[in-house]
file coords.txt (compact mmCIF, C-alpha atoms and all ligand atoms)
# COMPACT_ATOMS: atom_id res chain seq x y z
CA MET M 183 4.21 52.46 -0.12
CA LYS M 184 6.04 49.43 1.30
CA ARG M 185 6.29 49.11 5.09
CA SER M 186 9.87 49.04 6.34
CA GLN M 187 9.37 45.38 7.50
CA ASP M 188 8.83 44.41 3.85
CA ARG M 189 12.18 45.85 2.83
CA LEU M 190 15.75 44.58 2.74
CA VAL M 191 18.67 46.99 2.61
CA ARG M 192 20.80 46.39 -0.50
CA TYR M 193 23.08 49.46 -0.64
CA SER M 194 24.24 51.85 2.09
CA PRO M 195 24.18 55.63 1.47
CA LEU M 196 27.97 55.49 1.03
CA ASP M 197 27.67 52.73 -1.61
CA ARG M 198 25.09 54.79 -3.51
CA ALA M 199 27.05 58.04 -3.33
CA ASN M 200 30.12 56.14 -4.54
CA HIS M 201 28.18 54.54 -7.42
CA TRP M 202 26.54 57.72 -8.73
CA THR M 203 29.75 59.77 -8.49
CA MET M 204 31.40 56.97 -10.48
CA VAL M 205 28.62 57.27 -13.11
CA ILE M 206 29.27 61.03 -13.52
CA ALA M 207 33.03 60.42 -13.82
CA PHE M 208 32.53 57.54 -16.29
CA VAL M 209 30.20 59.54 -18.58
CA LEU M 210 32.56 62.55 -18.67
CA LEU M 211 35.54 60.25 -19.34
CA ALA M 212 33.74 58.42 -22.15
CA LEU M 213 32.63 61.68 -23.82
CA SER M 214 36.03 63.40 -23.58
CA GLY M 215 37.83 60.17 -24.58
CA LEU M 216 35.68 59.85 -27.72
CA ALA M 217 36.60 63.46 -28.57
CA PHE M 218 40.30 62.45 -28.64
CA PHE M 219 39.55 59.24 -30.55
CA HIS M 220 38.08 60.65 -33.77
CA PRO M 221 37.57 64.17 -35.24
CA ALA M 222 33.87 63.38 -35.76
CA PHE M 223 33.50 63.38 -31.94
CA PHE M 224 35.62 66.53 -31.40
CA PHE M 225 32.57 68.53 -30.24
CA LEU M 226 32.32 66.19 -27.22
CA SER M 227 35.46 67.83 -25.80
CA HIS M 228 33.05 70.56 -24.58
CA SER M 229 31.87 68.07 -21.94
CA LEU M 230 35.02 69.05 -20.01
CA GLY M 231 35.15 72.73 -20.98
CA GLY M 232 36.73 72.55 -24.46
CA PRO M 233 39.72 70.72 -26.02
CA VAL M 234 42.47 72.17 -23.80
CA TRP M 235 40.65 71.54 -20.52
CA ALA M 236 39.49 68.11 -21.70
CA ARG M 237 43.10 67.13 -22.44
CA ILE M 238 44.24 68.33 -19.00
CA LEU M 239 41.32 66.98 -16.96
CA HIS M 240 40.69 63.59 -18.65
CA PRO M 241 43.64 61.75 -16.99
CA PHE M 242 42.94 63.23 -13.55
CA LEU M 243 39.28 62.29 -13.85
CA GLY M 244 40.46 58.80 -14.83
CA LEU M 245 42.32 58.58 -11.51
CA VAL M 246 39.15 59.67 -9.68
CA LEU M 247 37.20 56.87 -11.40
CA VAL M 248 39.89 54.31 -10.51
CA LEU M 249 39.83 55.34 -6.82
CA LEU M 250 36.01 55.25 -6.67
CA PHE M 251 35.90 51.92 -8.48
CA VAL M 252 38.53 50.35 -6.19
CA ALA M 253 36.58 51.60 -3.14
CA MET M 254 33.42 49.90 -4.46
CA ALA M 255 35.14 46.79 -5.83
CA VAL M 256 36.90 45.86 -2.58
CA ARG M 257 33.56 45.91 -0.76
CA HIS M 258 31.85 43.79 -3.43
CA VAL M 259 34.59 41.41 -4.59
CA SER M 260 33.64 38.48 -2.33
CA ARG M 261 30.03 38.70 -3.61
CA ASN M 262 31.29 38.44 -7.21
CA LEU M 263 33.07 35.07 -6.97
CA LEU M 264 31.39 32.19 -8.79
CA GLY M 265 29.05 30.34 -6.41
CA GLU M 266 27.50 26.87 -6.36
CA ASN M 267 24.28 27.66 -8.22
CA ASP M 268 25.88 30.07 -10.69
CA VAL M 269 27.00 27.33 -13.11
CA GLN M 270 23.47 25.89 -13.20
CA TRP M 271 22.05 29.41 -13.72
CA MET M 272 24.37 29.85 -16.71
CA ARG M 273 23.32 26.49 -18.15
CA GLN M 274 19.72 27.77 -18.01
CA ILE M 275 20.48 31.04 -19.81
CA GLY M 276 17.50 30.31 -22.11
CA ASP M 277 15.17 30.47 -19.08
CA VAL M 278 16.85 33.72 -17.95
CA LEU M 279 16.30 35.39 -21.33
CA ASP M 280 12.70 34.15 -21.61
CA ASN M 281 11.87 35.43 -18.09
CA ARG M 282 11.17 31.89 -16.77
CA ASP M 283 12.68 32.95 -13.43
CA ASP M 284 10.69 30.34 -11.45
CA LYS M 285 12.81 27.58 -13.10
CA LEU M 286 16.16 29.13 -12.05
CA PRO M 287 18.20 28.03 -9.01
CA PRO M 288 18.34 30.58 -6.13
CA ILE M 289 21.44 32.75 -6.35
CA GLY M 290 23.41 35.10 -4.10
CA LYS M 291 23.60 38.91 -4.10
CA TYR M 292 24.67 38.98 -7.77
CA ASN M 293 23.80 36.71 -10.68
CA PRO M 294 26.52 35.41 -13.05
CA GLY M 295 25.69 38.15 -15.60
CA GLN M 296 26.32 40.83 -12.96
CA LYS M 297 29.52 39.02 -11.94
CA LEU M 298 30.71 39.07 -15.53
CA VAL M 299 30.03 42.83 -15.70
CA PHE M 300 31.98 43.30 -12.47
CA TRP M 301 35.06 41.38 -13.73
CA ALA M 302 34.93 42.98 -17.19
CA LEU M 303 35.06 46.37 -15.42
CA VAL M 304 37.95 45.25 -13.16
CA VAL M 305 40.01 44.16 -16.19
CA SER M 306 39.12 47.09 -18.47
CA ILE M 307 39.60 49.77 -15.78
CA ALA M 308 42.98 48.24 -14.78
CA ALA M 309 44.03 48.24 -18.47
CA LEU M 310 42.84 51.86 -18.86
CA LEU M 311 44.88 52.88 -15.81
CA VAL M 312 48.14 51.21 -16.88
CA SER M 313 47.92 52.28 -20.55
CA GLY M 314 46.76 55.78 -19.55
CA VAL M 315 49.73 56.36 -17.24
CA ILE M 316 52.16 55.22 -19.97
CA MET M 317 50.65 57.80 -22.40
CA TRP M 318 50.28 60.65 -19.87
CA ARG M 319 52.20 63.69 -21.09
CA PRO M 320 54.00 65.62 -19.67
CA TRP M 321 54.30 63.53 -16.50
CA PHE M 322 55.06 59.92 -17.37
CA ALA M 323 55.22 59.35 -21.17
CA GLY M 324 58.85 60.58 -21.28
CA TYR M 325 59.96 57.52 -19.28
CA PHE M 326 58.69 55.05 -21.91
CA PRO M 327 59.88 54.16 -25.45
CA ILE M 328 57.68 55.41 -28.32
CA PRO M 329 56.60 51.90 -29.53
CA LEU M 330 55.31 51.17 -26.00
CA ILE M 331 53.36 54.45 -25.94
CA ARG M 332 51.78 53.49 -29.30
CA LEU M 333 50.86 50.07 -27.93
CA ALA M 334 49.42 51.75 -24.83
CA SER M 335 47.19 53.98 -26.97
CA LEU M 336 45.84 50.89 -28.78
CA VAL M 337 45.23 49.07 -25.48
CA HIS M 338 43.56 52.23 -24.07
CA ALA M 339 41.12 52.41 -27.01
CA LEU M 340 40.30 48.67 -26.79
CA ALA M 341 39.82 48.77 -23.01
CA ALA M 342 37.59 51.87 -23.33
CA PHE M 343 35.49 50.03 -25.94
CA VAL M 344 35.07 47.03 -23.59
CA ALA M 345 34.21 49.31 -20.63
CA ILE M 346 31.63 51.33 -22.60
CA VAL M 347 29.93 48.21 -24.05
CA THR M 348 29.94 46.64 -20.55
CA ILE M 349 28.27 49.72 -19.05
CA VAL M 350 25.65 49.79 -21.82
CA VAL M 351 24.82 46.13 -20.94
CA HIS M 352 24.87 47.01 -17.20
CA VAL M 353 22.39 49.89 -17.68
CA TYR M 354 20.15 47.77 -19.93
CA ALA M 355 20.07 44.97 -17.33
CA ALA M 356 19.38 47.47 -14.52
CA LEU M 357 16.38 48.84 -16.45
CA TRP M 358 15.23 45.35 -17.49
CA VAL M 359 14.99 44.02 -13.92
CA LYS M 360 12.19 46.13 -12.41
CA GLY M 361 12.98 47.32 -8.88
CA SER M 362 16.75 47.21 -9.45
CA ILE M 363 17.27 50.95 -10.03
CA ARG M 364 15.49 51.75 -6.74
CA SER M 365 18.07 49.63 -4.90
CA MET M 366 20.74 52.04 -6.12
CA THR M 367 18.68 55.24 -5.64
CA GLN M 368 16.89 54.52 -2.34
CA GLY M 369 19.02 51.64 -1.07
CA TRP M 370 16.30 49.03 -0.47
CA VAL M 371 14.42 46.25 -2.25
CA THR M 372 11.21 44.44 -1.32
CA ARG M 373 11.47 40.99 0.25
CA ALA M 374 9.50 39.65 -2.72
CA TRP M 375 12.03 41.16 -5.17
CA ALA M 376 14.95 39.69 -3.23
CA ARG M 377 13.34 36.20 -2.99
CA HIS M 378 12.48 36.27 -6.69
CA HIS M 379 15.83 37.47 -8.08
CA HIS M 380 18.42 36.60 -5.40
CA GLY M 381 16.96 33.78 -3.28
CA LEU M 382 20.14 32.87 -1.38
CA TRP M 383 20.88 36.52 -0.55
CA ALA M 384 17.26 37.04 0.62
CA ARG M 385 17.49 34.02 2.93
CA GLU M 386 20.81 35.24 4.34
CA GLN M 387 19.47 38.78 4.97
CA GLU M 388 16.26 37.51 6.56
CA GLU M 389 18.26 35.27 8.92
CA LYS M 390 20.45 38.26 9.79
CA GLN M 391 17.32 40.32 10.57
CA ARG M 392 16.02 37.54 12.85
CA ARG M 393 19.34 37.43 14.72
CA GLU M 394 19.66 41.22 14.95
CA PRO M 395 16.07 42.62 14.96
CA GLN M 396 15.80 46.34 14.07
CA PRO M 397 13.96 48.61 16.55
C1 LIG C 401 23.52 55.42 -15.78
C2 LIG C 401 24.39 54.45 -15.54
C3 LIG C 401 24.22 53.37 -14.51
C4 LIG C 401 23.07 52.83 -13.95
C5 LIG C 401 21.62 53.19 -14.26
C6 LIG C 401 23.49 51.82 -13.00
C7 LIG C 401 22.65 51.07 -12.20
C8 LIG C 401 23.05 50.15 -11.25
C9 LIG C 401 22.16 49.40 -10.40
C10 LIG C 401 20.64 49.50 -10.41
C11 LIG C 401 22.90 48.59 -9.62
C12 LIG C 401 22.40 47.61 -8.55
C13 LIG C 401 22.21 46.24 -9.16
C14 LIG C 401 21.80 45.21 -8.13
O1 LIG C 401 22.10 45.38 -6.96
O2 LIG C 401 21.20 44.19 -8.49
C15 LIG C 401 24.29 48.83 -9.94
C16 LIG C 401 25.38 48.18 -9.37
C17 LIG C 401 26.70 48.41 -9.70
N1 LIG C 401 27.16 49.30 -10.65
FE1 LIG C 401 26.01 50.52 -11.82
N2 LIG C 401 24.86 51.75 -13.00
C18 LIG C 401 25.35 52.68 -13.90
C19 LIG C 401 26.67 52.94 -14.21
C20 LIG C 401 27.76 52.31 -13.62
C21 LIG C 401 29.14 52.62 -13.90
C22 LIG C 401 29.60 53.71 -14.88
C23 LIG C 401 29.89 51.76 -13.17
C24 LIG C 401 31.40 51.62 -13.08
C25 LIG C 401 32.27 52.19 -13.85
C26 LIG C 401 28.99 50.93 -12.40
C27 LIG C 401 29.37 49.93 -11.53
C28 LIG C 401 28.54 49.21 -10.70
C29 LIG C 401 28.98 48.21 -9.75
C30 LIG C 401 30.44 47.79 -9.49
C31 LIG C 401 27.83 47.72 -9.12
C32 LIG C 401 27.75 46.67 -8.00
C33 LIG C 401 27.44 45.37 -8.63
C34 LIG C 401 28.52 44.38 -8.51
O3 LIG C 401 29.38 44.46 -7.61
O4 LIG C 401 28.52 43.47 -9.36
N3 LIG C 401 27.70 51.29 -12.69
N4 LIG C 401 24.34 49.78 -10.95

call {"tool": "encode", "arguments": {"input": "coords.txt", "output": "structure tokens"}}
result
Amino acid sequence: MKRSQDRLVRYSPLDRANHWTMVIAFVLLALSGLAFFHPAFFFLSHSLGGPVWARILHPFLGLVLVLLFVAMAVRHVSRNLLGENDVQWMRQIGDVLDNRDDKLPPIGKYNPGQKLVFWALVVSIAALLVSGVIMWRPWFAGYFPIPLIRLASLVHALAAFVAIVTIVVHVYAALWVKGSIRSMTQGWVTRAWARHHHGLWAREQEEKQRREPQP
């Protein structure tokens, strides 16, 4: 058991509730979306209560995901811009993959891989929203010409593919970096973890703690 002085807060309860609700929405969307994509996946429509309910609920659930994602993204966007040491980190991708972390430059709250995941999600979720609204019967599709609706369905499938692959990479990376999942379940990381994986962020948080000591 780590003493609270050894810990740094990485995610607030609100951040974590937002993230895990987003995970539930994303999984249900991916399953019901696959059911519409190919007859082989039709059985997955039961994830939302059968084909009729899946067809009704999928777009509304999509809006829920967009709102949750925007709420999280606005809080994290400044942390996901490319920083000074990020370019050097990317040049040393061989060291990253071979776990030679001691050779890497210190980085901020997110490494360039996490930043790439973030921006891939921004682009794919925006594309899913726009293409989804264009296809949404009976509310909006009537306002658009049929060739545009067909294009939207192609864009929707491609964006869903990018989003699903991105999330698979995101989950793999979260499992790969030991101690990362706990940051999203319990909200904290050890100082050692922070110094090892996100040196600049650790320094910044430790300075903040010195300025504003906790009781
Ligand atoms: C079972 C599935 C998932 C797991 C296990 C998981 C795990 C995690 C973990 C451990 C972190 C913290 C990483 C760190 O602080 O270093 C994180 C951050 C994050 N996750 Fe997930 N996640 C999952 C699904 C999702 C989904 C479906 C989305 C969005 C559609 C998502 C979006 C994010 C975002 C935006 C962050 C903040 C990182 C950033 O701003 O770059 N995650 N996730």

call {"tool": "closest_atom_pairs", "arguments": {"input": "coords.txt", "of": "chain M", "to": "ligand LIG 401 (chain C)", "cutoff": "9 Å", "atoms": "only C-alpha atoms and all ligand atoms", "output": "tab-separated table"}}
result
residue	atom	partner	partner_atom	distance
M:Arg192	CA	C:LIG401	O1	6.7
M:Tyr193	CA	C:LIG401	O1	7.6
M:Asp197	CA	C:LIG401	C32	8.8
M:Arg198	CA	C:LIG401	C15	8.8
M:His201	CA	C:LIG401	C26	6.2
M:Trp202	CA	C:LIG401	C19	7.3
M:Thr203	CA	C:LIG401	C22	8.8
M:Met204	CA	C:LIG401	C22	5.8
M:Val205	CA	C:LIG401	C22	4.1
M:Ile206	CA	C:LIG401	C22	7.5
M:Ala207	CA	C:LIG401	C22	7.6
M:Phe208	CA	C:LIG401	C22	5.0
M:Val209	CA	C:LIG401	C22	6.9
M:Leu247	CA	C:LIG401	C25	7.2
M:Val248	CA	C:LIG401	C25	8.6
M:Leu250	CA	C:LIG401	C25	8.7
M:Phe251	CA	C:LIG401	C24	6.4
M:Met254	CA	C:LIG401	C30	6.2
M:Ala255	CA	C:LIG401	C30	6.0
M:Arg257	CA	C:LIG401	O3	8.2
M:His258	CA	C:LIG401	O3	4.9
M:Val259	CA	C:LIG401	O3	6.8
M:Arg261	CA	C:LIG401	O3	7.0
M:Asn262	CA	C:LIG401	O4	6.1
M:Lys291	CA	C:LIG401	O1	7.2
M:Tyr292	CA	C:LIG401	O4	6.1
M:Asn293	CA	C:LIG401	O2	8.2
M:Gly295	CA	C:LIG401	O4	8.7
M:Gln296	CA	C:LIG401	O4	5.0
M:Lys297	CA	C:LIG401	O4	5.2
M:Leu298	CA	C:LIG401	O4	7.9
M:Val299	CA	C:LIG401	O4	6.5
M:Phe300	CA	C:LIG401	O4	4.7
M:Trp301	CA	C:LIG401	O4	8.1
M:Leu303	CA	C:LIG401	C25	6.6
M:Val304	CA	C:LIG401	C30	8.7
M:Ile307	CA	C:LIG401	C25	8.0
M:Ala345	CA	C:LIG401	C25	7.6
M:Ile346	CA	C:LIG401	C22	8.3
M:Thr348	CA	C:LIG401	C21	9.0
M:Ile349	CA	C:LIG401	C22	5.9
M:Val350	CA	C:LIG401	C2	7.9
M:His352	CA	C:LIG401	N2	6.3
M:Val353	CA	C:LIG401	C4	4.8
M:Tyr354	CA	C:LIG401	C5	8.0
M:Ala355	CA	C:LIG401	C10	8.3
M:Ala356	CA	C:LIG401	C10	4.8
M:Leu357	CA	C:LIG401	C5	7.2
M:Val359	CA	C:LIG401	O2	8.3
M:Gly361	CA	C:LIG401	C10	8.1
M:Ser362	CA	C:LIG401	C10	4.6
M:Ile363	CA	C:LIG401	C10	3.7
M:Arg364	CA	C:LIG401	C10	6.7
M:Ser365	CA	C:LIG401	C12	6.0
M:Met366	CA	C:LIG401	C10	5.0
M:Thr367	CA	C:LIG401	C10	7.7
M:His379	CA	C:LIG401	O2	8.6
M:His380	CA	C:LIG401	O2	8.7

call {"tool": "write_last_selection", "arguments": {"input": "coords.txt", "atoms": "C-alpha atoms", "output": "CSV table (one decimal), keeping the file's coordinate frame"}}
result
chain,number,residue,atom,x,y,z
M,192,ARG,CA,20.8,46.4,-0.5
M,193,TYR,CA,23.1,49.5,-0.6
M,197,ASP,CA,27.7,52.7,-1.6
M,198,ARG,CA,25.1,54.8,-3.5
M,201,HIS,CA,28.2,54.5,-7.4
M,202,TRP,CA,26.5,57.7,-8.7
M,203,THR,CA,29.8,59.8,-8.5
M,204,MET,CA,31.4,57.0,-10.5
M,205,VAL,CA,28.6,57.3,-13.1
M,206,ILE,CA,29.3,61.0,-13.5
M,207,ALA,CA,33.0,60.4,-13.8
M,208,PHE,CA,32.5,57.5,-16.3
M,209,VAL,CA,30.2,59.5,-18.6
M,247,LEU,CA,37.2,56.9,-11.4
M,248,VAL,CA,39.9,54.3,-10.5
M,250,LEU,CA,36.0,55.2,-6.7
M,251,PHE,CA,35.9,51.9,-8.5
M,254,MET,CA,33.4,49.9,-4.5
M,255,ALA,CA,35.1,46.8,-5.8
M,257,ARG,CA,33.6,45.9,-0.8
M,258,HIS,CA,31.8,43.8,-3.4
M,259,VAL,CA,34.6,41.4,-4.6
M,261,ARG,CA,30.0,38.7,-3.6
M,262,ASN,CA,31.3,38.4,-7.2
M,291,LYS,CA,23.6,38.9,-4.1
M,292,TYR,CA,24.7,39.0,-7.8
M,293,ASN,CA,23.8,36.7,-10.7
M,295,GLY,CA,25.7,38.2,-15.6
M,296,GLN,CA,26.3,40.8,-13.0
M,297,LYS,CA,29.5,39.0,-11.9
M,298,LEU,CA,30.7,39.1,-15.5
M,299,VAL,CA,30.0,42.8,-15.7
M,300,PHE,CA,32.0,43.3,-12.5
M,301,TRP,CA,35.1,41.4,-13.7
M,303,LEU,CA,35.1,46.4,-15.4
M,304,VAL,CA,38.0,45.2,-13.2
M,307,ILE,CA,39.6,49.8,-15.8
M,345,ALA,CA,34.2,49.3,-20.6
M,346,ILE,CA,31.6,51.3,-22.6
M,348,THR,CA,29.9,46.6,-20.6
M,349,ILE,CA,28.3,49.7,-19.0
M,350,VAL,CA,25.6,49.8,-21.8
M,352,HIS,CA,24.9,47.0,-17.2
M,353,VAL,CA,22.4,49.9,-17.7
M,354,TYR,CA,20.2,47.8,-19.9
M,355,ALA,CA,20.1,45.0,-17.3
M,356,ALA,CA,19.4,47.5,-14.5
M,357,LEU,CA,16.4,48.8,-16.4
M,359,VAL,CA,15.0,44.0,-13.9
M,361,GLY,CA,13.0,47.3,-8.9
M,362,SER,CA,16.8,47.2,-9.4
M,363,ILE,CA,17.3,51.0,-10.0
M,364,ARG,CA,15.5,51.8,-6.7
M,365,SER,CA,18.1,49.6,-4.9
M,366,MET,CA,20.7,52.0,-6.1
M,367,THR,CA,18.7,55.2,-5.6
M,379,HIS,CA,15.8,37.5,-8.1
M,380,HIS,CA,18.4,36.6,-5.4

call {"tool": "closest_residue", "arguments": {"input": "coords.txt", "among": "M:His338, M:Arg189, M:Arg393, M:Arg273", "to": "M:Leu310", "atoms": "only C-alpha atoms"}}
result
M:His338

call {"tool": "atom_distance", "arguments": {"input": "coords.txt", "atom1": "atom CA of M:Gly290", "atom2": "atom CA of M:Val347"}}
result
24.7 Å

call {"tool": "closest_residue", "arguments": {"input": "coords.txt", "among": "M:Lys285, M:Gly276, M:Trp370, M:Glu389", "to": "M:Asp188", "atoms": "all atoms listed in the file"}}
result
M:Trp370

call {"tool": "closest_residue", "arguments": {"input": "coords.txt", "among": "M:Arg377, M:Arg332, M:Met317, M:Ala384", "to": "M:Asp284", "atoms": "only C-alpha atoms"}}
result
M:Arg377

call {"tool": "closest_residue", "arguments": {"input": "coords.txt", "among": "M:Lys360, M:Val344, M:Leu264, M:Val256", "to": "M:Ala374", "atoms": "all atoms listed in the file"}}
result
M:Lys360

call {"tool": "residues_around", "arguments": {"input": "coords.txt", "residues": "M:Pro233", "least_positions_apart": "4", "cutoff": "10 Å", "atoms": "all atoms listed in the file", "output": "compact mmCIF listing (two decimals) with C-alpha atoms, keeping the file's coordinate frame"}}
result
# COMPACT_ATOMS: atom_id res chain seq x y z
CA SER M 214 36.03 63.40 -23.58
CA ALA M 217 36.60 63.46 -28.57
CA PHE M 218 40.30 62.45 -28.64
CA PHE M 224 35.62 66.53 -31.40
CA PHE M 225 32.57 68.53 -30.24
CA LEU M 226 32.32 66.19 -27.22
CA SER M 227 35.46 67.83 -25.80
CA HIS M 228 33.05 70.56 -24.58
CA SER M 229 31.87 68.07 -21.94
CA ARG M 237 43.10 67.13 -22.44
CA ILE M 238 44.24 68.33 -19.00
CA LEU M 239 41.32 66.98 -16.96

call {"tool": "atom_distance", "arguments": {"input": "coords.txt", "atom1": "atom CA of M:Gly265", "atom2": "atom CA of M:Gln391"}}
result
22.9 Å

call {"tool": "closest_residue", "arguments": {"input": "coords.txt", "among": "M:Leu330, M:Asp280, M:Gly324, M:Ala342", "to": "M:Ser306", "atoms": "only C-alpha atoms"}}
result
M:Ala342
